[in-house]
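Dropping my_file30.tsv in here (TSV, C-alpha atoms):
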```tsv
chain	number	residue	atom	x	y	z
D	1	MET	CA	9.78	34.76	12.54
D	2	ASN	CA	8.64	31.12	12.75
D	3	THR	CA	10.98	28.53	11.26
D	4	LYS	CA	9.79	25.31	9.74
D	5	ILE	CA	10.05	22.10	11.77
D	6	ASN	CA	12.66	19.64	10.47
D	7	VAL	CA	10.89	16.33	9.85
D	8	LEU	CA	12.87	13.21	8.92
D	9	ILE	CA	10.74	10.53	7.26
D	10	THR	CA	11.94	6.92	7.12
D	11	GLY	CA	10.55	4.22	4.87
D	12	PRO	CA	10.65	2.96	1.27
D	13	MET	CA	10.43	5.64	-1.40
D	14	PRO	CA	9.35	4.63	-4.91
D	15	PRO	CA	10.39	2.89	-7.05
D	16	PRO	CA	9.15	0.23	-6.77
D	17	ALA	CA	5.60	1.36	-6.15
D	18	GLY	CA	4.02	-0.22	-3.09
D	19	GLY	CA	1.46	0.81	-0.50
D	20	ILE	CA	3.93	2.46	1.88
D	21	SER	CA	6.14	3.98	-0.82
D	22	ILE	CA	3.19	5.64	-2.56
D	23	HIS	CA	1.93	6.84	0.83
D	24	LEU	CA	5.30	8.51	1.45
D	25	GLN	CA	5.41	10.06	-2.02
D	26	ARG	CA	2.02	11.65	-1.45
D	27	LEU	CA	2.83	12.61	2.14
D	28	GLN	CA	5.86	14.47	0.81
D	29	HIS	CA	3.63	16.37	-1.62
D	30	LEU	CA	1.14	17.14	1.15
D	31	LEU	CA	3.60	18.44	3.74
D	32	LYS	CA	6.54	19.91	1.81
D	33	HIS	CA	5.24	23.49	1.99
D	34	GLU	CA	4.81	23.50	5.78
D	35	PHE	CA	7.79	21.46	6.98
D	36	ASN	CA	11.44	20.93	6.08
D	37	LEU	CA	11.37	17.32	4.95
D	38	ASP	CA	14.28	14.91	4.73
D	39	PHE	CA	14.25	11.17	4.03
D	40	ILE	CA	15.94	7.91	4.88
D	41	ASP	CA	14.99	5.58	2.04
D	42	GLU	CA	14.59	1.83	2.63
D	43	SER	CA	13.73	0.84	-0.93
D	44	SER	CA	15.43	-2.14	-2.57
D	45	LEU	CA	16.15	0.14	-5.55
D	46	LYS	CA	18.45	3.02	-4.66
D	47	ASN	CA	17.27	6.46	-5.72
D	48	LYS	CA	19.89	9.20	-6.08
D	49	LEU	CA	17.45	11.71	-4.57
D	50	TYR	CA	17.49	10.04	-1.15
D	51	PHE	CA	19.96	8.58	1.31
D	52	ASN	CA	19.37	4.81	1.38
D	53	ILE	CA	19.79	2.99	4.69
D	54	LYS	CA	21.18	-0.03	2.85
D	55	SER	CA	24.26	1.96	1.96
D	56	LEU	CA	25.29	1.17	5.56
D	57	ASN	CA	26.70	4.69	6.02
D	58	LEU	CA	26.28	4.97	9.80
D	59	PHE	CA	27.73	8.49	9.95
D	60	GLU	CA	25.23	9.87	7.42
D	61	TYR	CA	22.38	7.99	9.12
D	62	LEU	CA	23.13	9.49	12.54
D	63	LYS	CA	23.73	12.92	11.02
D	64	LYS	CA	20.26	12.95	9.52
D	65	ILE	CA	18.65	11.96	12.82
D	66	ARG	CA	20.71	14.54	14.71
D	67	ASN	CA	19.54	17.30	12.34
D	68	ALA	CA	15.86	16.31	12.68
D	69	GLU	CA	13.38	17.61	15.21
D	70	ILE	CA	10.70	15.04	14.43
D	71	LEU	CA	11.45	11.48	13.31
D	72	PHE	CA	8.44	10.14	11.37
D	73	ILE	CA	8.81	6.38	10.88
D	74	HIS	CA	6.99	4.44	8.15
D	75	SER	CA	9.27	1.42	7.85
D	76	GLY	CA	7.80	-1.85	6.69
D	77	ASN	CA	10.89	-3.71	7.91
D	78	ARG	CA	10.60	-4.91	11.53
D	79	LEU	CA	14.26	-4.35	12.33
D	80	PHE	CA	14.38	-0.87	10.78
D	81	LYS	CA	11.36	0.23	12.83
D	82	LYS	CA	13.16	-0.59	16.06
D	83	ILE	CA	16.53	0.82	14.99
D	84	HIS	CA	14.92	4.15	14.06
D	85	ILE	CA	12.95	4.45	17.29
D	86	LEU	CA	15.94	3.63	19.47
D	87	ALA	CA	18.27	5.92	17.52
D	88	GLY	CA	15.74	8.75	17.67
D	89	LYS	CA	15.18	8.44	21.41
D	90	ILE	CA	18.89	8.10	22.19
D	91	LEU	CA	19.53	11.32	20.26
D	92	GLY	CA	16.67	13.06	22.07
D	93	LYS	CA	14.24	13.35	19.16
D	94	LYS	CA	10.44	13.34	19.13
D	95	VAL	CA	9.26	10.18	17.37
D	96	ILE	CA	6.06	9.40	15.48
D	97	ILE	CA	5.59	5.91	14.02
D	98	THR	CA	2.93	4.72	11.60
D	99	ILE	CA	2.40	0.95	11.83
D	100	HIS	CA	1.09	0.02	8.38
D	101	GLY	CA	0.42	-3.62	9.26
D	102	TYR	CA	1.08	-6.25	11.89
D	103	GLY	CA	1.11	-10.00	11.21
D	104	LYS	CA	-0.94	-12.55	13.11
D	105	LYS	CA	1.86	-15.01	13.71
D	106	ARG	CA	4.10	-13.03	16.05
D	107	SER	CA	4.76	-15.01	19.23
D	108	PHE	CA	4.01	-13.59	22.67
D	109	LEU	CA	7.66	-12.75	23.36
D	110	PHE	CA	8.11	-11.01	20.01
D	111	ARG	CA	4.92	-9.02	20.57
D	112	LEU	CA	6.13	-8.06	24.04
D	113	TYR	CA	9.39	-6.84	22.54
D	114	ASP	CA	7.57	-4.93	19.78
D	115	GLN	CA	5.26	-3.29	22.31
D	116	LEU	CA	8.17	-2.21	24.48
D	117	ILE	CA	9.91	-0.47	21.58
D	118	PHE	CA	6.79	1.00	19.96
D	119	ASN	CA	5.70	2.55	23.26
D	120	LEU	CA	8.91	4.61	23.29
D	121	ALA	CA	7.45	6.71	20.45
D	122	ASN	CA	5.63	9.95	21.24
D	123	LYS	CA	2.73	9.06	18.92
D	124	ILE	CA	1.73	5.75	17.34
D	125	ILE	CA	-0.50	5.83	14.24
D	126	LEU	CA	-2.28	2.55	13.49
D	127	VAL	CA	-3.78	2.24	10.01
D	128	ASN	CA	-6.64	0.06	11.23
D	129	PRO	CA	-8.24	-0.85	14.59
D	130	GLU	CA	-7.29	-4.52	14.25
D	131	ILE	CA	-3.63	-3.71	14.94
D	132	ARG	CA	-4.67	-2.26	18.30
D	133	GLN	CA	-6.12	-5.66	19.24
D	134	LYS	CA	-2.79	-7.38	18.53
D	135	LEU	CA	-0.60	-5.01	20.54
D	136	ASN	CA	-0.81	-3.61	24.06
D	137	LEU	CA	0.08	0.01	23.39
D	138	ASN	CA	-0.17	3.18	25.45
D	139	GLU	CA	-3.67	4.39	24.62
D	140	LYS	CA	-2.69	8.03	25.16
D	141	LYS	CA	-0.21	7.71	22.30
D	142	VAL	CA	-2.36	5.75	19.84
D	143	VAL	CA	-4.16	7.34	16.89
D	144	ILE	CA	-6.24	5.27	14.44
D	145	LYS	CA	-5.89	6.75	10.96
D	146	ASN	CA	-6.15	4.95	7.63
D	147	ALA	CA	-3.11	5.40	5.41
D	148	PHE	CA	-4.95	6.75	2.39
D	149	LEU	CA	-3.71	9.97	0.81
D	150	PRO	CA	-5.50	11.20	-2.33
D	151	PRO	CA	-3.68	10.61	-5.60
D	152	ILE	CA	-2.25	13.61	-7.41
D	153	LEU	CA	-3.70	12.58	-10.75
D	154	SER	CA	-2.25	15.53	-12.65
D	155	GLU	CA	1.25	14.41	-11.66
D	156	GLU	CA	0.77	10.70	-12.30
D	157	PRO	CA	2.71	9.38	-15.32
D	158	LYS	CA	0.73	8.17	-18.30
D	159	LEU	CA	0.24	4.46	-18.75
D	160	SER	CA	2.61	2.78	-21.19
D	161	ASN	CA	1.59	2.29	-24.81
D	162	LEU	CA	1.45	-1.44	-24.11
D	163	ILE	CA	-1.23	-1.03	-21.43
D	164	GLU	CA	-3.11	1.72	-23.28
D	165	THR	CA	-3.30	-0.43	-26.41
D	166	ARG	CA	-4.57	-3.33	-24.35
D	167	LEU	CA	-7.28	-1.17	-22.77
D	168	ILE	CA	-8.41	0.17	-26.15
D	169	ASP	CA	-8.62	-3.32	-27.67
D	170	SER	CA	-10.56	-4.68	-24.68
D	171	ARG	CA	-13.03	-1.81	-24.74
D	172	LYS	CA	-13.65	-2.40	-28.46
D	173	GLN	CA	-14.60	-5.96	-27.56
D	174	ASN	CA	-16.93	-4.75	-24.78
D	175	LYS	CA	-14.88	-6.48	-22.12
D	176	LYS	CA	-15.11	-5.52	-18.48
D	177	ILE	CA	-11.73	-4.26	-17.28
D	178	ILE	CA	-10.61	-5.71	-13.96
D	179	CYS	CA	-7.33	-4.59	-12.41
D	180	ALA	CA	-5.09	-5.84	-9.62
D	181	ASN	CA	-1.51	-5.23	-8.56
D	182	ALA	CA	1.40	-6.43	-6.47
D	183	SER	CA	4.51	-4.55	-5.47
D	184	ARG	CA	6.30	-7.90	-5.76
D	185	LEU	CA	5.25	-11.55	-5.72
D	186	ASP	CA	5.90	-12.48	-2.11
D	187	SER	CA	4.49	-15.50	-0.31
D	188	TYR	CA	2.77	-15.56	3.09
D	189	ASN	CA	2.19	-18.78	5.02
D	190	GLY	CA	3.36	-20.67	1.94
D	191	GLU	CA	0.72	-19.07	-0.27
D	192	ASP	CA	0.71	-16.27	-2.85
D	193	LEU	CA	0.42	-13.12	-0.73
D	194	TYR	CA	-1.20	-11.01	-3.45
D	195	GLY	CA	-3.48	-13.78	-4.70
D	196	LEU	CA	-2.20	-13.90	-8.28
D	197	ASP	CA	-2.88	-17.63	-8.43
D	198	ILE	CA	-6.54	-17.38	-7.41
D	199	ALA	CA	-7.01	-14.35	-9.69
D	200	VAL	CA	-5.90	-16.52	-12.63
D	201	GLU	CA	-8.14	-19.38	-11.47
D	202	ALA	CA	-11.20	-17.13	-11.03
D	203	THR	CA	-10.63	-15.54	-14.44
D	204	LYS	CA	-10.51	-19.00	-16.04
D	205	LYS	CA	-13.96	-19.66	-14.58
D	206	LEU	CA	-15.25	-16.36	-15.99
D	207	VAL	CA	-13.89	-17.20	-19.43
D	208	ASP	CA	-15.39	-20.69	-19.29
D	209	ALA	CA	-18.72	-19.09	-18.40
D	210	GLY	CA	-18.53	-16.97	-21.55
D	211	ILE	CA	-18.09	-13.68	-19.70
D	212	LEU	CA	-16.02	-11.07	-21.52
D	213	VAL	CA	-13.31	-9.76	-19.21
D	214	ASP	CA	-9.76	-8.55	-19.30
D	215	VAL	CA	-7.85	-8.77	-16.04
D	216	ILE	CA	-4.76	-6.55	-15.98
D	217	PHE	CA	-2.44	-7.57	-13.17
D	218	ILE	CA	0.60	-5.33	-12.67
D	219	VAL	CA	3.68	-6.51	-10.76
D	220	SER	CA	6.07	-3.66	-9.94
D	221	THR	CA	9.21	-5.74	-9.47
D	222	LEU	CA	10.22	-9.38	-9.98
D	223	GLU	CA	12.71	-9.30	-7.11
D	224	SER	CA	12.44	-12.67	-5.32
D	225	GLY	CA	9.37	-13.51	-7.38
D	226	GLU	CA	10.48	-14.28	-10.92
D	227	ASP	CA	9.61	-17.98	-10.60
D	228	ARG	CA	6.06	-17.19	-9.43
D	229	PHE	CA	5.64	-14.68	-12.23
D	230	GLN	CA	6.75	-17.20	-14.88
D	231	LYS	CA	4.61	-19.95	-13.36
D	232	ALA	CA	1.54	-17.71	-13.65
D	233	GLN	CA	2.43	-16.77	-17.23
D	234	ASP	CA	2.74	-20.45	-18.12
D	235	LEU	CA	-0.67	-21.14	-16.56
D	236	ILE	CA	-2.28	-18.27	-18.48
D	237	GLN	CA	-0.85	-19.69	-21.69
D	238	GLN	CA	-1.92	-23.21	-20.77
D	239	PHE	CA	-5.49	-21.97	-20.23
D	240	GLN	CA	-5.26	-19.99	-23.51
D	241	MET	CA	-6.24	-16.84	-21.65
D	242	GLN	CA	-3.71	-14.41	-23.11
D	243	SER	CA	-6.57	-12.19	-24.31
D	244	SER	CA	-8.36	-12.30	-20.95
D	245	PHE	CA	-5.53	-12.05	-18.40
D	246	PHE	CA	-2.68	-9.62	-18.93
D	247	LEU	CA	0.11	-10.17	-16.41
D	248	ILE	CA	2.78	-7.52	-16.77
D	249	ASN	CA	5.93	-6.52	-14.92
D	250	GLU	CA	5.99	-2.75	-15.12
D	251	LYS	CA	6.43	0.25	-12.84
D	252	ALA	CA	3.13	1.75	-13.94
D	253	SER	CA	0.84	4.26	-12.27
D	254	PHE	CA	-1.75	1.90	-10.86
D	255	VAL	CA	-4.16	4.69	-9.98
D	256	LYS	CA	-4.20	5.63	-13.68
D	257	LEU	CA	-5.20	2.06	-14.47
D	258	ILE	CA	-7.90	2.16	-11.80
D	259	GLU	CA	-9.30	5.25	-13.54
D	260	GLN	CA	-9.90	3.20	-16.69
D	261	SER	CA	-11.11	0.00	-15.00
D	262	ASP	CA	-14.56	-1.23	-14.01
D	263	ILE	CA	-13.58	-3.39	-11.06
D	264	VAL	CA	-10.59	-3.39	-8.72
D	265	ILE	CA	-9.69	-6.65	-6.96
D	266	ARG	CA	-7.48	-7.14	-3.91
D	267	PRO	CA	-7.13	-10.92	-3.39
D	268	THR	CA	-4.43	-10.79	-0.66
D	269	ASN	CA	-4.11	-13.30	2.17
D	270	THR	CA	-2.80	-10.67	4.60
D	271	ASP	CA	-3.10	-6.90	4.53
D	272	GLY	CA	-2.87	-3.60	6.32
D	273	ASP	CA	-4.89	-0.62	5.15
D	274	SER	CA	-4.68	-1.17	1.40
D	275	LEU	CA	-3.91	1.87	-0.74
D	276	THR	CA	-5.33	0.03	-3.75
D	277	ILE	CA	-8.71	-0.31	-2.04
D	278	ARG	CA	-8.78	3.31	-0.90
D	279	GLU	CA	-7.89	4.53	-4.38
D	280	GLY	CA	-10.57	2.40	-5.98
D	281	LEU	CA	-13.21	3.72	-3.58
D	282	TYR	CA	-11.95	7.28	-4.03
D	283	LEU	CA	-12.42	6.92	-7.81
D	284	ASN	CA	-15.86	5.35	-7.27
D	285	LYS	CA	-15.02	1.92	-8.68
D	286	ILE	CA	-16.38	-1.45	-7.58
D	287	VAL	CA	-13.73	-2.79	-5.21
D	288	LEU	CA	-13.71	-6.51	-4.41
D	289	ALA	CA	-11.32	-7.66	-1.69
D	290	SER	CA	-10.54	-10.67	0.47
D	291	ASP	CA	-12.12	-10.64	3.93
D	292	VAL	CA	-8.75	-11.26	5.63
D	293	VAL	CA	-9.00	-7.96	7.56
D	294	GLN	CA	-11.64	-5.34	8.19
D	295	ARG	CA	-12.05	-3.37	4.97
D	296	PRO	CA	-13.18	0.24	4.41
D	297	GLU	CA	-16.90	0.88	4.08
D	298	GLY	CA	-18.00	0.40	0.48
D	299	THR	CA	-15.67	-2.55	-0.20
D	300	LYS	CA	-17.26	-5.75	-1.51
D	301	LEU	CA	-15.84	-8.91	0.09
D	302	PHE	CA	-15.06	-12.48	-0.91
D	303	LYS	CA	-13.70	-15.35	1.19
D	304	THR	CA	-9.92	-15.25	1.53
D	305	ARG	CA	-8.04	-17.76	-0.69
D	306	ASN	CA	-11.32	-18.94	-2.20
D	307	ALA	CA	-11.14	-18.73	-6.01
D	308	GLU	CA	-14.69	-20.01	-6.38
D	309	ASP	CA	-16.12	-17.24	-4.22
D	310	LEU	CA	-13.96	-14.66	-6.02
D	311	PHE	CA	-15.35	-15.93	-9.33
D	312	GLU	CA	-18.95	-15.80	-8.10
D	313	LYS	CA	-18.60	-12.26	-6.79
D	314	MET	CA	-16.85	-11.03	-9.93
D	315	LYS	CA	-19.51	-12.68	-12.07
D	316	SER	CA	-22.27	-11.07	-10.00
D	317	PHE	CA	-20.89	-7.55	-10.32
D	318	ILE	CA	-20.23	-7.96	-14.06
D	319	THR	CA	-23.54	-9.54	-15.08
D	320	GLN	CA	-25.71	-7.37	-12.83
D	321	ASN	CA	-23.85	-4.26	-13.97
D	322	ASN	CA	-23.65	-2.94	-10.42
D	323	ASP	CA	-22.57	0.60	-9.77
D	324	ASN	CA	-20.62	1.47	-6.69
D	325	ASN	CA	-22.03	4.12	-4.41
D	326	ASN	CA	-19.20	5.07	-2.09
D	327	LEU	CA	-19.10	7.60	0.66
D	328	THR	CA	-17.32	10.80	-0.28
D	329	THR	CA	-13.66	10.50	0.64
D	330	LYS	CA	-12.28	13.25	2.87
D	331	ALA	CA	-10.84	16.16	0.96
D	332	PRO	CA	-7.03	16.52	0.78
D	333	VAL	CA	-7.17	19.67	2.94
D	334	GLU	CA	-8.68	17.70	5.85
D	335	ILE	CA	-6.03	15.03	5.59
D	336	GLU	CA	-3.27	17.63	5.41
D	337	GLN	CA	-4.68	19.27	8.53
D	338	PHE	CA	-4.58	15.96	10.40
D	339	TYR	CA	-0.85	15.44	9.77
D	340	SER	CA	0.03	19.08	10.29
D	341	THR	CA	-1.75	19.21	13.65
D	342	LEU	CA	-0.22	15.92	14.80
D	343	ILE	CA	3.35	16.93	13.93
D	344	ASN	CA	2.97	20.32	15.59
D	345	GLU	CA	1.42	18.82	18.73
D	346	VAL	CA	4.27	16.32	19.10
D	347	TYR	CA	6.85	19.03	18.44
D	348	ASN	CA	5.36	21.41	21.01
D	349	ALA	CA	4.66	18.82	23.73
D	350	GLY	CA	6.79	19.53	26.77
D	351	ARG	CA	8.32	22.70	25.33
```

Here is a file; write its structure as structure tokens.
Amino acid sequence: MNTKINVLITGPMPPPAGGISIHLQRLQHLLKHEFNLDFIDESSLKNKLYFNIKSLNLFEYLKKIRNAEILFIHSGNRLFKKIHILAGKILGKKVIITIHGYGKKRSFLFRLYDQLIFNLANKIILVNPEIRQKLNLNEKKVVIKNAFLPPILSEEPKLSNLIETRLIDSRKQNKKIICANASRLDSYNGEDLYGLDIAVEATKKLVDAGILVDVIFIVSTLESGEDRFQKAQDLIQQFQMQSSFFLINEKASFVKLIEQSDIVIRPTNTDGDSLTIREGLYLNKIVLASDVVQRPEGTKLFKTRNAEDLFEKMKSFITQNNDNNNLTTKAPVEIEQFYSTLINEVYNAGR
């Protein structure tokens, strides 16, 4: 009788909700029937369901790796990626790593070090082809696969009464609903990583042009970003845009908000393979994103960090009442088959 393969997944589990954490939540749902899954959580918020690496319990950490047959790494933290790979290889485990993003500013020596460690893995999944251009990796180990996993809409929590009421009121006023999100308000190269500032600026231009909109911008956590959040709130109030820009700190189901929106914006100044974009396309919404990286087919683009271009593109899609005609997203069964085949191939290699 065949026994299930023990797969240990490392990375941030929600909450808070972010691209990688949602990916892992859905990956768990996709694979739990075929594999024995265990987790090492890297979230800033400790969840009683999972062992958190920040507990610094070395014995429990090593025990989990020892009991695994496949170590499947999804860490966003640079140090954690390397620790997991080295620990897995030292303990004789097969290792798969998904690299969800890779910054432009890594120096040659740091890239050399990253390459050396990453190449120890048995398989390396890159969420977009641009990462391949930044790193010299063993081509036999590399797989290009976007990180999108279909949302399980029936299991998504309902939106809060606060957001639902806002949506109802905006619809009554025939406003176009535009949504955006940030896991937290980080900065990148001294600028707002998630583009909250230019989203506010572009919305001000829409309001001044007499265009009826309501931008709902959800921030999952204020950790390390409370000042930026308050600064944006003050600016919204200064512009008297409280009825046109709703900035809220809430752990909401963003895909549920996408369902009820007309346009999804992704004004980031750096990115990997954005879950927000994939979800918007999957739900056949107009998706407008910065051109900072190559985006999935069907995405509309504006110039990165350019509020004027964001405004013009938003205005165009609102006033011309464009519909989005996206390619059909691959069915969940095809995606499940991809991961199942990959894990089994790595497990059986060399046996």

d(atom CA of Asn119 of chain D, atom CA of Leu275 of chain D) in Å: 25.9 Å

Name the closest residue to Ser187 of chain D among the candidates D:Asp227, D:Glu312, D:Glu201, D:Asp262; distances are taken between atoms, counting all atoms listed in the file.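 Looking only at the distances to Ser187 of chain D, the closest residue turns out to be D:Asp227.
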
Point out the residue among D:Ala289, D:Ile131, D:Ile178, D:Leu49 with the least atom-to-atom distance to Ile318 of chain D, counting all atoms listed in the file.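 The closest residue to Ile318 of chain D is D:Ile178.
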
Which residue out of D:Ile22, D:Leu212, D:Ile97, D:Leu193 has the minimum interatomic distance to Ile152 of chain D when all atoms listed in the file are used?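 Nearest candidate to Ile152 of chain D out of D:Ile22, D:Leu212, D:Ile97, D:Leu193: D:Ile22.
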
Residue contacts of Lys313 of chain D (9 Å, all atoms listed in the file) excluding same-chain residues fewer than 6 positions away, as a ChimeraX atom specification: /D:288,300-302

Could you tell me which of D:Tyr113, D:Ile258, D:Val219, D:Lys141 comes closest to Lys285 of chain D if we count only C-alpha atoms?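 Of the candidates, the smallest distance to Lys285 of chain D is held by D:Ile258.
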
Select, from D:Lys64, D:Lys105, D:Ile277, D:Asp192, the residue with the minimum atom-to-atom distance to Ala87 of chain D, counting all atoms listed in the file. D:Lys64

Would you give me, as a Markdown table, each residue of segment 72-187 of chain D having an atom within 12 Å of an atom of segment 53-61 of chain D, along with its shortest atom pair and that distance in Å to one decimal, using only C-alpha atoms and sorting by chain and residue number?
```
| residue | atom | partner | partner_atom | distance |
| --- | --- | --- | --- | --- |
| D:Ser75 | CA | D:Ile53 | CA | 11.1 |
| D:Asn77 | CA | D:Ile53 | CA | 11.6 |
| D:Leu79 | CA | D:Ile53 | CA | 12.0 |
| D:Phe80 | CA | D:Ile53 | CA | 9.0 |
| D:Ile83 | CA | D:Tyr61 | CA | 11.0 |
| D:His84 | CA | D:Tyr61 | CA | 9.7 |
| D:Ala87 | CA | D:Tyr61 | CA | 9.6 |
| D:Gly88 | CA | D:Tyr61 | CA | 10.9 |
| D:Leu91 | CA | D:Tyr61 | CA | 12.0 |
```

Here atom CA of Asp169 of chain D and atom CA of Ser243 of chain D stand apart by 9.7 Å

Mind giving me the straight-line distance from atom CA of Gly280 of chain D to atom CA of Ser224 of chain D in Å, one decimal?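 Straight-line distance from atom CA of Gly280 of chain D to atom CA of Ser224 of chain D works out to 27.5 Å.
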
Need the shell around Leu196 of chain D: protein/DNA/RNA residues with any atom at most 9 Å away, counting all atoms listed in the file. Skip same-chain ones fewer than 5 positions apart. Format as a PyMOL selection string? chain D and resi 180-182+185+201+217+228-229+232+267-268

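Compared by their closest atoms to Leu8 of chain D, and using only C-alpha atoms, the residues D:Lys176, D:Asn269, D:Ile286, D:Ile70 rank with D:Ile70 nearest.
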
Mind checking which residues fall within 9 Å of Val200 of chain D, counting all atoms listed in the file, ignoring those fewer than 3 positions away in the same chain, and posting them as a list in words?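 So, after excluding close chain neighbours, the residues are Gly195, Leu196, Asp197, Thr203, Lys204, Lys205, Val215, Ala232, Leu235, Ile236, Phe245 and Ala307 of chain D.
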
Which residues are close to Glu223 of chain D, i.e. within 9 Å by all atoms listed in the file, leaving aside same-chain residues fewer than 3 positions away? Reply as a list of chain:residue names.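 The residues that qualify are D:Ser44, D:Arg184, D:Leu185, D:Glu226.
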
Given 8 Å on each side, where is the centre and what are the edge lengths in Å to one decimal of the axis-aligned box enclosing the listed atoms of segment 223-229 of chain D, as AutoDock Vina command-line options?
```
--center_x 9.2 --center_y -13.6 --center_z -8.8 --size_x 23.1 --size_y 24.7 --size_z 22.9
```

Within 10 Å of Pro16 of chain D, counting only C-alpha atoms, which residues qualify if same-chain residues fewer than 2 places away don't, as a ChimeraX atom specification? /D:12-14,18-19,21-22,43-46,183-184,219-221,250-252

Report as a Markdown table: every residue of segment 150-235 of chain D with an atom at most 12 Å from segment 28-32 of chain D, its closest pair of atoms, and their distance in Å to one decimal, counting only C-alpha atoms, with rows sorted by chain and ascending residue number.
```
| residue | atom | partner | partner_atom | distance |
| --- | --- | --- | --- | --- |
| D:Pro150 | CA | D:Leu30 | CA | 9.6 |
| D:Pro151 | CA | D:His29 | CA | 10.1 |
| D:Ile152 | CA | D:His29 | CA | 8.7 |
| D:Glu155 | CA | D:His29 | CA | 10.5 |
```

Next, the residues of the selection above should be written as a JSON list (two decimals), keeping the file's coordinate frame with C-alpha atoms.
```
[["chain", "number", "residue", "atom", "x", "y", "z"],
["D", 150, "PRO", "CA", -5.50, 11.20, -2.33],
["D", 151, "PRO", "CA", -3.68, 10.61, -5.60],
["D", 152, "ILE", "CA", -2.25, 13.61, -7.41],
["D", 155, "GLU", "CA", 1.25, 14.41, -11.66]]
```

Segment 221-332 of chain D near segment 208-211 of chain D within 10 Å: what's each residue's closest atom pair and its distance in Å to one decimal, counting all atoms listed in the file, ordered by chain then ascending residue number, as a tab-separated table?
```
residue	atom	partner	partner_atom	distance
D:Ser244	CA	D:Ile211	CA	9.9
D:Lys315	CA	D:Ile211	CA	7.8
D:Ile318	CA	D:Ile211	CA	8.3
D:Thr319	CA	D:Ile211	CA	8.3
```

Generate N, CA and C atoms for segment 26-41 of chain D and emit them as a compact mmCIF listing (two decimals), in the frame of the given file.
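Saved the output as result-v9.txt:
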```txt
# COMPACT_ATOMS: atom_id res chain seq x y z
N ARG D 26 3.13 10.70 -1.56
CA ARG D 26 2.02 11.65 -1.45
C ARG D 26 2.10 12.48 -0.17
N LEU D 27 2.63 11.87 0.89
CA LEU D 27 2.83 12.61 2.14
C LEU D 27 3.83 13.74 1.91
N GLN D 28 4.87 13.45 1.15
CA GLN D 28 5.86 14.47 0.81
C GLN D 28 5.18 15.65 0.09
N HIS D 29 4.34 15.33 -0.86
CA HIS D 29 3.63 16.37 -1.62
C HIS D 29 2.71 17.19 -0.72
N LEU D 30 2.11 16.51 0.26
CA LEU D 30 1.14 17.14 1.15
C LEU D 30 1.80 18.10 2.14
N LEU D 31 2.99 17.73 2.62
CA LEU D 31 3.60 18.44 3.74
C LEU D 31 4.81 19.32 3.39
N LYS D 32 5.27 19.25 2.15
CA LYS D 32 6.54 19.91 1.81
C LYS D 32 6.51 21.43 1.96
N HIS D 33 5.32 22.03 1.88
CA HIS D 33 5.24 23.49 1.99
C HIS D 33 5.27 23.96 3.45
N GLU D 34 4.89 23.09 4.37
CA GLU D 34 4.81 23.50 5.78
C GLU D 34 6.03 23.08 6.60
N PHE D 35 6.68 21.98 6.20
CA PHE D 35 7.79 21.46 6.98
C PHE D 35 9.04 21.30 6.11
N ASN D 36 10.20 21.31 6.76
CA ASN D 36 11.44 20.93 6.08
C ASN D 36 11.54 19.41 6.14
N LEU D 37 11.40 18.77 5.00
CA LEU D 37 11.37 17.32 4.95
C LEU D 37 12.70 16.75 4.50
N ASP D 38 13.12 15.67 5.16
CA ASP D 38 14.28 14.91 4.73
C ASP D 38 13.88 13.44 4.80
N PHE D 39 14.66 12.57 4.15
CA PHE D 39 14.25 11.17 4.03
C PHE D 39 15.41 10.20 4.26
N ILE D 40 15.08 9.08 4.87
CA ILE D 40 15.94 7.91 4.88
C ILE D 40 15.18 6.83 4.12
N ASP D 41 15.66 6.52 2.94
CA ASP D 41 14.99 5.58 2.04
C ASP D 41 15.35 4.14 2.40
```
